[in-house]
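Coordinates as given in start-v5.txt (compact mmCIF, C-alpha atoms):
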```txt
# COMPACT_ATOMS: atom_id res chain seq x y z
CA MET A 127 -14.31 27.17 -1.44
CA ARG A 128 -13.53 28.04 2.13
CA LYS A 129 -9.99 28.54 3.28
CA PRO A 130 -9.70 25.49 5.61
CA ALA A 131 -10.95 23.25 2.82
CA VAL A 132 -8.33 24.65 0.45
CA ILE A 133 -5.58 24.13 3.02
CA LEU A 134 -6.66 20.55 3.75
CA THR A 135 -7.02 19.68 0.06
CA PHE A 136 -3.56 21.03 -0.65
CA ALA A 137 -2.14 19.15 2.33
CA LEU A 138 -3.84 15.93 1.20
CA VAL A 139 -2.49 16.22 -2.34
CA LEU A 140 0.98 17.02 -1.05
CA GLY A 141 0.83 14.10 1.38
CA LEU A 142 -0.29 11.68 -1.29
CA ALA A 143 2.44 12.88 -3.65
CA LEU A 144 5.05 12.44 -0.92
CA PHE A 145 3.83 8.97 -0.04
CA ALA A 146 3.62 7.87 -3.69
CA GLY A 147 7.08 9.26 -4.44
CA ALA A 148 8.67 7.54 -1.45
CA PHE A 149 6.86 4.27 -2.23
CA TYR A 150 7.83 4.28 -5.91
CA CYS A 151 11.49 5.19 -5.30
CA ALA A 152 11.93 2.54 -2.58
CA ARG A 153 10.15 -0.10 -4.65
CA THR A 154 12.22 0.60 -7.77
CA TYR A 155 15.45 0.56 -5.78
CA CYS A 156 14.57 -2.77 -4.14
CA VAL A 157 13.48 -4.40 -7.41
CA GLN A 158 16.75 -3.37 -9.05
CA HIS A 159 19.08 -4.20 -6.18
CA THR A 160 17.49 -7.16 -4.37
CA ALA A 161 17.88 -9.75 -7.11
CA ASN A 162 20.27 -10.33 -9.96
CA PRO A 163 18.07 -10.64 -13.05
CA ALA A 164 20.77 -12.43 -15.03
CA ASP A 165 20.94 -15.42 -12.67
CA ASP A 166 18.28 -18.13 -12.83
CA LEU A 167 19.29 -19.43 -9.40
CA GLU A 168 18.84 -16.10 -7.65
CA TRP A 169 15.51 -17.23 -6.21
CA LEU A 170 17.18 -20.20 -4.46
CA ARG A 171 19.77 -17.91 -2.89
CA MET A 172 17.10 -15.45 -1.71
CA GLU A 173 14.43 -17.88 -0.59
CA PHE A 174 16.58 -20.57 1.02
CA GLN A 175 19.46 -18.43 2.29
CA LEU A 176 22.12 -20.49 0.54
CA GLY A 177 25.82 -19.93 0.97
CA ASP A 178 28.28 -19.66 -1.91
CA ALA A 179 29.43 -23.29 -1.61
CA GLU A 180 25.88 -24.67 -1.62
CA LEU A 181 24.92 -22.44 -4.51
CA ALA A 182 27.97 -23.53 -6.50
CA ARG A 183 27.05 -27.20 -6.01
CA ILE A 184 23.45 -26.52 -7.02
CA ARG A 185 24.66 -24.57 -10.07
CA GLU A 186 26.55 -27.66 -11.21
CA LEU A 187 23.42 -29.77 -10.84
CA HIS A 188 21.35 -27.12 -12.58
CA ASP A 189 23.74 -26.83 -15.51
CA GLY A 190 23.81 -30.62 -15.82
CA TYR A 191 20.04 -30.87 -15.79
CA LEU A 192 19.24 -28.15 -18.36
CA PRO A 193 20.39 -30.11 -21.47
CA LYS A 194 18.36 -33.15 -20.36
CA CYS A 195 15.36 -30.92 -19.80
CA GLY A 196 15.87 -29.35 -23.22
CA ASP A 197 16.03 -32.77 -24.89
CA ASN A 198 12.86 -33.91 -23.14
CA CYS A 199 11.07 -30.76 -24.21
CA ALA A 200 12.21 -31.19 -27.80
CA ASN A 201 11.07 -34.85 -27.84
CA ILE A 202 7.66 -33.98 -26.44
CA ALA A 203 7.23 -31.10 -28.88
CA ALA A 204 8.17 -33.33 -31.82
CA LYS A 205 5.78 -36.08 -30.73
CA LYS A 206 2.94 -33.58 -30.24
CA ARG A 207 3.59 -32.18 -33.70
CA GLU A 208 3.48 -35.70 -35.14
CA LEU A 209 0.17 -36.34 -33.37
CA ALA A 210 -1.30 -33.07 -34.64
CA GLU A 211 -0.26 -33.87 -38.23
CA ALA A 212 -1.67 -37.38 -37.99
CA THR A 213 -4.96 -36.06 -36.65
CA ALA A 214 -5.15 -33.35 -39.32
CA ALA A 215 -4.39 -35.82 -42.17
CA GLY A 216 -7.42 -37.93 -41.33
CA THR A 217 -5.93 -41.01 -43.01
CA ASN A 218 -4.51 -42.60 -39.87
CA THR A 219 -6.31 -45.28 -37.94
CA VAL A 220 -7.60 -44.78 -34.43
CA ALA A 221 -5.00 -47.26 -33.21
CA ARG A 222 -2.21 -45.17 -34.71
CA LEU A 223 -3.54 -41.98 -33.05
CA ASP A 224 -3.89 -43.79 -29.72
CA GLN A 225 -0.33 -45.01 -30.04
CA LEU A 226 0.94 -41.47 -30.66
CA ARG A 227 -1.03 -40.12 -27.68
CA ALA A 228 0.42 -42.88 -25.50
CA GLU A 229 3.91 -41.95 -26.66
CA VAL A 230 3.32 -38.30 -25.70
CA VAL A 231 2.16 -39.44 -22.26
CA VAL A 232 5.23 -41.63 -21.83
CA LEU A 233 7.55 -38.78 -22.82
CA ARG A 234 5.81 -36.42 -20.41
CA GLY A 235 6.05 -38.98 -17.63
CA HIS A 236 9.76 -39.44 -18.30
CA CYS A 237 10.26 -35.66 -18.30
CA GLN A 238 8.40 -35.35 -15.01
CA GLU A 239 10.43 -38.16 -13.45
CA GLU A 240 13.68 -36.45 -14.40
CA MET A 241 12.41 -33.11 -13.14
CA LEU A 242 11.44 -34.56 -9.76
CA ALA A 243 14.76 -36.42 -9.55
CA HIS A 244 16.54 -33.12 -10.17
CA PHE A 245 14.51 -31.39 -7.47
CA GLU A 246 15.41 -34.14 -5.01
CA GLU A 247 19.05 -33.89 -5.94
CA VAL A 248 19.00 -30.11 -5.44
CA SER A 249 17.18 -30.49 -2.13
CA ARG A 250 19.93 -32.82 -0.89
CA ALA A 251 22.52 -30.17 -1.72
CA MET A 252 20.79 -27.78 0.68
CA PRO A 253 20.69 -27.83 4.48
CA SER A 254 18.14 -30.44 5.59
CA GLU A 255 15.34 -28.12 6.62
CA GLN A 256 15.71 -25.83 3.62
CA GLY A 257 15.94 -28.83 1.33
CA GLN A 258 12.63 -30.21 2.55
CA ARG A 259 11.03 -26.83 2.14
CA TYR A 260 12.45 -26.51 -1.37
CA LEU A 261 11.17 -29.95 -2.38
CA ALA A 262 7.69 -29.28 -1.01
CA GLU A 263 7.58 -25.89 -2.71
CA MET A 264 8.72 -27.24 -6.07
CA LYS A 265 6.21 -30.10 -5.94
CA ARG A 266 3.50 -27.61 -5.09
CA LEU A 267 4.51 -25.29 -7.92
CA THR A 268 4.93 -27.96 -10.59
CA LEU A 269 2.50 -30.73 -9.64
CA GLY A 270 0.11 -28.82 -7.42
CA SER A 271 -2.30 -27.76 -10.15
CA HIS A 272 -2.53 -31.33 -11.54
CA GLU A 273 -3.14 -32.74 -8.07
CA GLN A 274 -5.88 -30.20 -7.43
CA VAL A 275 -7.61 -31.21 -10.65
CA GLU A 276 -7.25 -34.92 -9.82
CA GLN A 277 -8.61 -34.39 -6.32
CA SER A 278 -11.54 -32.38 -7.57
CA MET A 279 -12.34 -35.01 -10.18
CA SER A 280 -12.02 -37.97 -7.79
CA GLY A 281 -13.88 -36.19 -4.99
CA THR A 282 -11.24 -36.80 -2.34
CA ASN A 283 -11.36 -33.23 -1.09
CA GLY A 284 -15.11 -32.94 -0.90
CA HIS A 285 -15.64 -31.52 -4.38
CA ALA A 286 -16.87 -34.67 -6.05
CA HIS A 287 -19.14 -34.45 -9.04
CA ASP A 288 -22.74 -34.91 -8.05
CA HIS A 289 -24.35 -37.70 -10.01
CA HIS A 290 -28.08 -37.37 -9.67
CA MET B 192 -19.13 70.93 7.98
CA PRO B 193 -16.47 70.13 10.57
CA GLY B 194 -16.67 73.77 11.67
CA THR B 195 -20.41 73.47 12.21
CA LEU B 196 -19.98 70.27 14.19
CA ARG B 197 -17.34 71.85 16.35
CA PHE B 198 -19.63 74.80 17.01
CA ALA B 199 -22.54 72.53 17.93
CA ALA B 200 -20.35 70.47 20.26
CA LYS B 201 -19.09 73.61 21.93
CA ALA B 202 -22.63 74.94 22.34
CA GLY B 203 -23.72 71.59 23.86
CA THR B 204 -20.85 71.70 26.29
CA ASN B 205 -21.75 75.19 27.29
CA ASN B 206 -25.38 74.17 27.80
CA MET B 207 -24.31 71.18 29.91
CA ASN B 208 -22.07 73.38 32.00
CA THR B 209 -24.88 75.85 32.58
CA SER B 210 -27.40 73.06 33.32
CA ASN B 211 -24.99 71.38 35.74
CA GLN B 212 -24.74 74.58 37.56
CA ASP B 213 -28.55 74.78 37.93
CA PRO B 214 -29.43 73.56 41.51
CA THR B 215 -32.98 72.53 40.51
CA ASP B 216 -31.50 69.99 38.10
CA GLY B 217 -29.73 68.28 41.00
CA VAL B 218 -33.00 67.87 42.84
CA LEU B 219 -34.70 66.62 39.68
CA GLY B 220 -31.91 64.15 39.12
CA SER B 221 -32.13 62.73 42.62
CA LEU B 222 -35.92 62.41 42.28
CA LEU B 223 -35.51 60.55 39.00
CA ARG B 224 -32.95 58.17 40.51
CA GLU B 225 -35.27 57.42 43.41
CA SER B 226 -38.25 56.77 41.10
CA ARG B 227 -36.23 54.28 38.98
CA PRO B 228 -33.87 52.41 41.26
CA ALA B 229 -30.96 50.81 39.33
CA PRO B 230 -30.60 47.03 39.85
CA GLY B 231 -27.45 45.90 41.65
CA LEU B 232 -24.50 44.57 39.63
CA PRO B 233 -24.21 40.77 39.39
CA PRO B 234 -21.53 39.10 41.51
CA ARG B 235 -17.94 39.26 40.15
CA PHE B 236 -19.10 41.69 37.47
CA GLN B 237 -15.77 43.46 37.13
CA GLU B 238 -13.77 40.23 36.99
CA ASN B 239 -16.03 38.90 34.24
CA VAL B 240 -15.64 42.07 32.24
CA TRP B 241 -11.85 41.82 32.41
CA GLN B 242 -11.96 38.18 31.42
CA ARG B 243 -14.00 38.99 28.35
CA ILE B 244 -11.58 41.75 27.42
CA GLU B 245 -8.67 39.34 27.74
CA HIS B 246 -10.41 36.71 25.64
CA LYS B 247 -10.99 39.28 22.90
CA GLY B 248 -7.23 39.64 22.59
CA GLN B 249 -6.67 35.91 21.98
CA PRO B 250 -7.26 34.23 18.58
CA ALA B 251 -10.79 32.94 18.20
CA PRO B 252 -11.15 29.17 18.85
CA ALA B 253 -11.86 27.03 15.79
CA SER B 254 -15.55 26.99 15.13
CA ASN B 255 -15.62 23.45 13.68
CA TRP B 256 -13.39 20.40 13.17
CA LEU B 257 -12.40 21.42 9.63
CA GLU B 258 -10.96 24.71 10.79
CA ALA B 259 -9.36 23.02 13.78
CA PHE B 260 -7.69 20.45 11.54
CA ALA B 261 -6.56 23.08 9.06
CA ALA B 262 -5.06 25.05 11.93
CA LEU B 263 -3.26 21.88 13.09
CA VAL B 264 -1.91 21.15 9.60
CA LEU B 265 -0.44 24.62 9.39
CA LYS B 266 1.58 24.15 12.57
CA PRO B 267 5.23 23.53 11.50
CA ARG B 268 5.80 20.83 14.08
CA PHE B 269 2.77 18.84 12.98
CA ALA B 270 3.55 19.36 9.27
CA LEU B 271 7.12 18.13 9.73
CA ALA B 272 5.98 15.09 11.69
CA ALA B 273 3.38 14.27 9.03
CA VAL B 274 5.92 14.57 6.20
CA CYS B 275 8.39 12.30 8.05
CA ALA B 276 5.69 9.74 8.81
CA LEU B 277 4.45 9.68 5.22
CA VAL B 278 7.94 9.27 3.77
CA LEU B 279 8.79 6.57 6.31
CA VAL B 280 5.62 4.60 5.67
CA GLY B 281 6.05 5.02 1.89
CA VAL B 282 9.66 3.82 1.96
CA THR B 283 8.80 0.85 4.21
CA LEU B 284 5.84 -0.30 2.14
CA GLY B 285 7.74 0.34 -1.11
CA SER B 286 10.69 -1.73 0.10
CA LEU B 287 8.45 -4.60 1.16
CA ASP B 288 6.58 -4.52 -2.12
CA GLY B 289 9.81 -4.24 -4.11
CA ARG B 290 11.34 -7.22 -2.30
CA SER B 291 8.21 -9.26 -2.83
CA HIS B 292 8.16 -8.31 -6.50
CA ALA B 293 11.86 -9.14 -6.96
CA ARG B 294 11.37 -12.49 -5.21
CA HIS B 295 8.40 -13.32 -7.38
CA ASP B 296 10.32 -12.42 -10.54
CA ALA B 297 13.26 -14.55 -9.44
CA GLN B 298 10.94 -17.48 -8.74
CA GLU B 299 9.37 -17.12 -12.18
CA ARG B 300 12.82 -17.16 -13.80
CA TYR B 301 13.85 -20.30 -11.91
CA LEU B 302 10.65 -22.11 -12.76
CA ALA B 303 10.93 -21.09 -16.40
CA ALA B 304 14.40 -22.61 -16.43
CA VAL B 305 13.66 -25.94 -14.76
CA VAL B 306 10.04 -26.58 -15.72
CA ALA B 307 9.52 -27.25 -19.39
CA PRO B 308 7.26 -24.68 -21.03
CA VAL B 309 5.79 -27.11 -23.60
CA HIS B 310 4.05 -29.22 -20.93
```
Write the structure described by the file as structure tokens, please.
Amino acid sequence: MRKPAVILTFALVLGLALFAGAFYCARTYCVQHTANPADDLEWLRMEFQLGDAELARIRELHDGYLPKCGDNCANIAAKKRELAEATAAGTNTVARLDQLRAEVVVLRGHCQEEMLAHFEEVSRAMPSEQGQRYLAEMKRLTLGSHEQVEQSMSGTNGHAHDHH
Amino acid sequence: MPGTLRFAAKAGTNNMNTSNQDPTDGVLGSLLRESRPAPGLPPRFQENVWQRIEHKGQPAPASNWLEAFAALVLKPRFALAAVCALVLVGVTLGSLDGRSHARHDAQERYLAAVVAPVH
């Protein structure tokens, strides 16, 4: 190998090592020091630039909502288990299975209502602009995928099923 | 051997001295010069010769881009600037990526807390 090629290869390797080292160190430092991993509300503070007073109010709402959310989850899980057992047994009537499915749907709807009500309550505890942004973001993150599926199935966004 | 060479050189010098002293050789020399006239020197001959001598003293220019780049890399000023630039760019991109990663993790934690996982 010629001497210039050796020099340039060595310089390239050294440069890459320097860049990778600097990148990795800075990234690790930022991951460890930007957010507090023990706090569930850290994202709200970071994303919506909340002050201590606003965050304290939202923490109250959050702590009040979590038990309700837990109960809803437990109810839905229990009802789904009941439905699965009834289906597996094979002795239940279709009407009974339909009733259980309807009960799961009702529980999910109730859970979703409470979740959206909580989001609205939290958004009101924020400054107006940030609150609207929070609400839109949470709806997008929680309901967005369902809405996309509904739109694609109903054909409202131009992706209707073609029936030939 | 060196003694022989020295003797031969001395003998040659003696011959040259004796031939230079021969007047017929002077006539022969002038006749030869007239029969084969030497061409005149090109313009600025001396200046060009000195320029070429001066250029010989300087380092040879890089013959291709690889050598030129290698020569540039070896210059301390360029090397230092390259190291600083690489570290700066690495730290900047690493910080941005780290912040983005931390934000994404925080968002995931919040969603996991408020959105029921059994849905």
Within 6 Å of chain A, which residues of chain B show up? Give each one with its shortest atom-to-atom distance in Å (one decimal) and the two atoms involved, counting all atoms listed in the file, rows by chain then rising residue number, as CSV.
```
residue,atom,partner,partner_atom,distance
B:Glu258,CA,A:Pro130,CA,5.4
B:Ala261,CA,A:Pro130,CA,5.3
B:Leu277,CA,A:Phe145,CA,5.3
B:Val278,CA,A:Ala148,CA,5.5
B:Gly281,CA,A:Phe149,CA,4.3
B:Val282,CA,A:Phe149,CA,5.1
B:Gly285,CA,A:Phe149,CA,4.2
B:Ser286,CA,A:Arg153,CA,5.1
B:Gly289,CA,A:Arg153,CA,4.2
B:Arg290,CA,A:Cys156,CA,5.8
B:Ala293,CA,A:Val157,CA,5.0
B:Ala297,CA,A:Trp169,CA,4.8
B:Gln298,CA,A:Trp169,CA,5.2
B:Arg300,CA,A:Asp166,CA,5.6
B:Tyr301,CA,A:Asp166,CA,5.0
```
- Task: Using CA of Leu233 (chain A) and CA of Asn201 (chain A) as the two end points, give the distance in Å to one decimal.
- Result: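 Interatomic distance here is 7.3 Å.
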- Message: If I take CA of Pro234 (chain B) and CA of Ser221 (chain B), how far is one from the other in Å, to one decimal?
- Response: 25.9 Å
- Query: Expressed in Å to a single decimal, how great is the separation between CA of Arg268 (chain B) and CA of Phe136 (chain A)?
  - Reply: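 We find that CA of Arg268 (chain B) and CA of Phe136 (chain A) lie 17.5 Å from each other.
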- Query: Of the candidates A:Arg266, A:Glu240, A:Val139, A:Arg185, which one gets nearest to Met252 (chain A) if we count only C-alpha atoms?
  - Reply: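 Ranked by minimum distance to Met252 (chain A), first place goes to A:Arg185.
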- For the point (-2.2, -40.5, -35.7) in the file's frame, write as a PyMOL selection string all residues with an atom no more than 10 Å away, counting all atoms listed in the file. chain A and resi 208-227
- Residue nearest Lys265 (chain A) among B:Leu287, B:Gln237, B:Val306, B:Val274 (counting all atoms listed in the file):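 Using all atoms listed in the file, Lys265 (chain A) sits closest to B:Val306.
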- Nearby residues (all atoms listed in the file) at most 12 Å from Pro253 (chain A), same-chain spacing under 5 positions excluded, as a list in words: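 Surrounding residues, per the criterion: Phe174, Gln175, Leu176, Gly177, Ala179, Glu180, Leu181, Ile184, Val248, Gln258, Arg259, Tyr260 and Leu261 of chain A.
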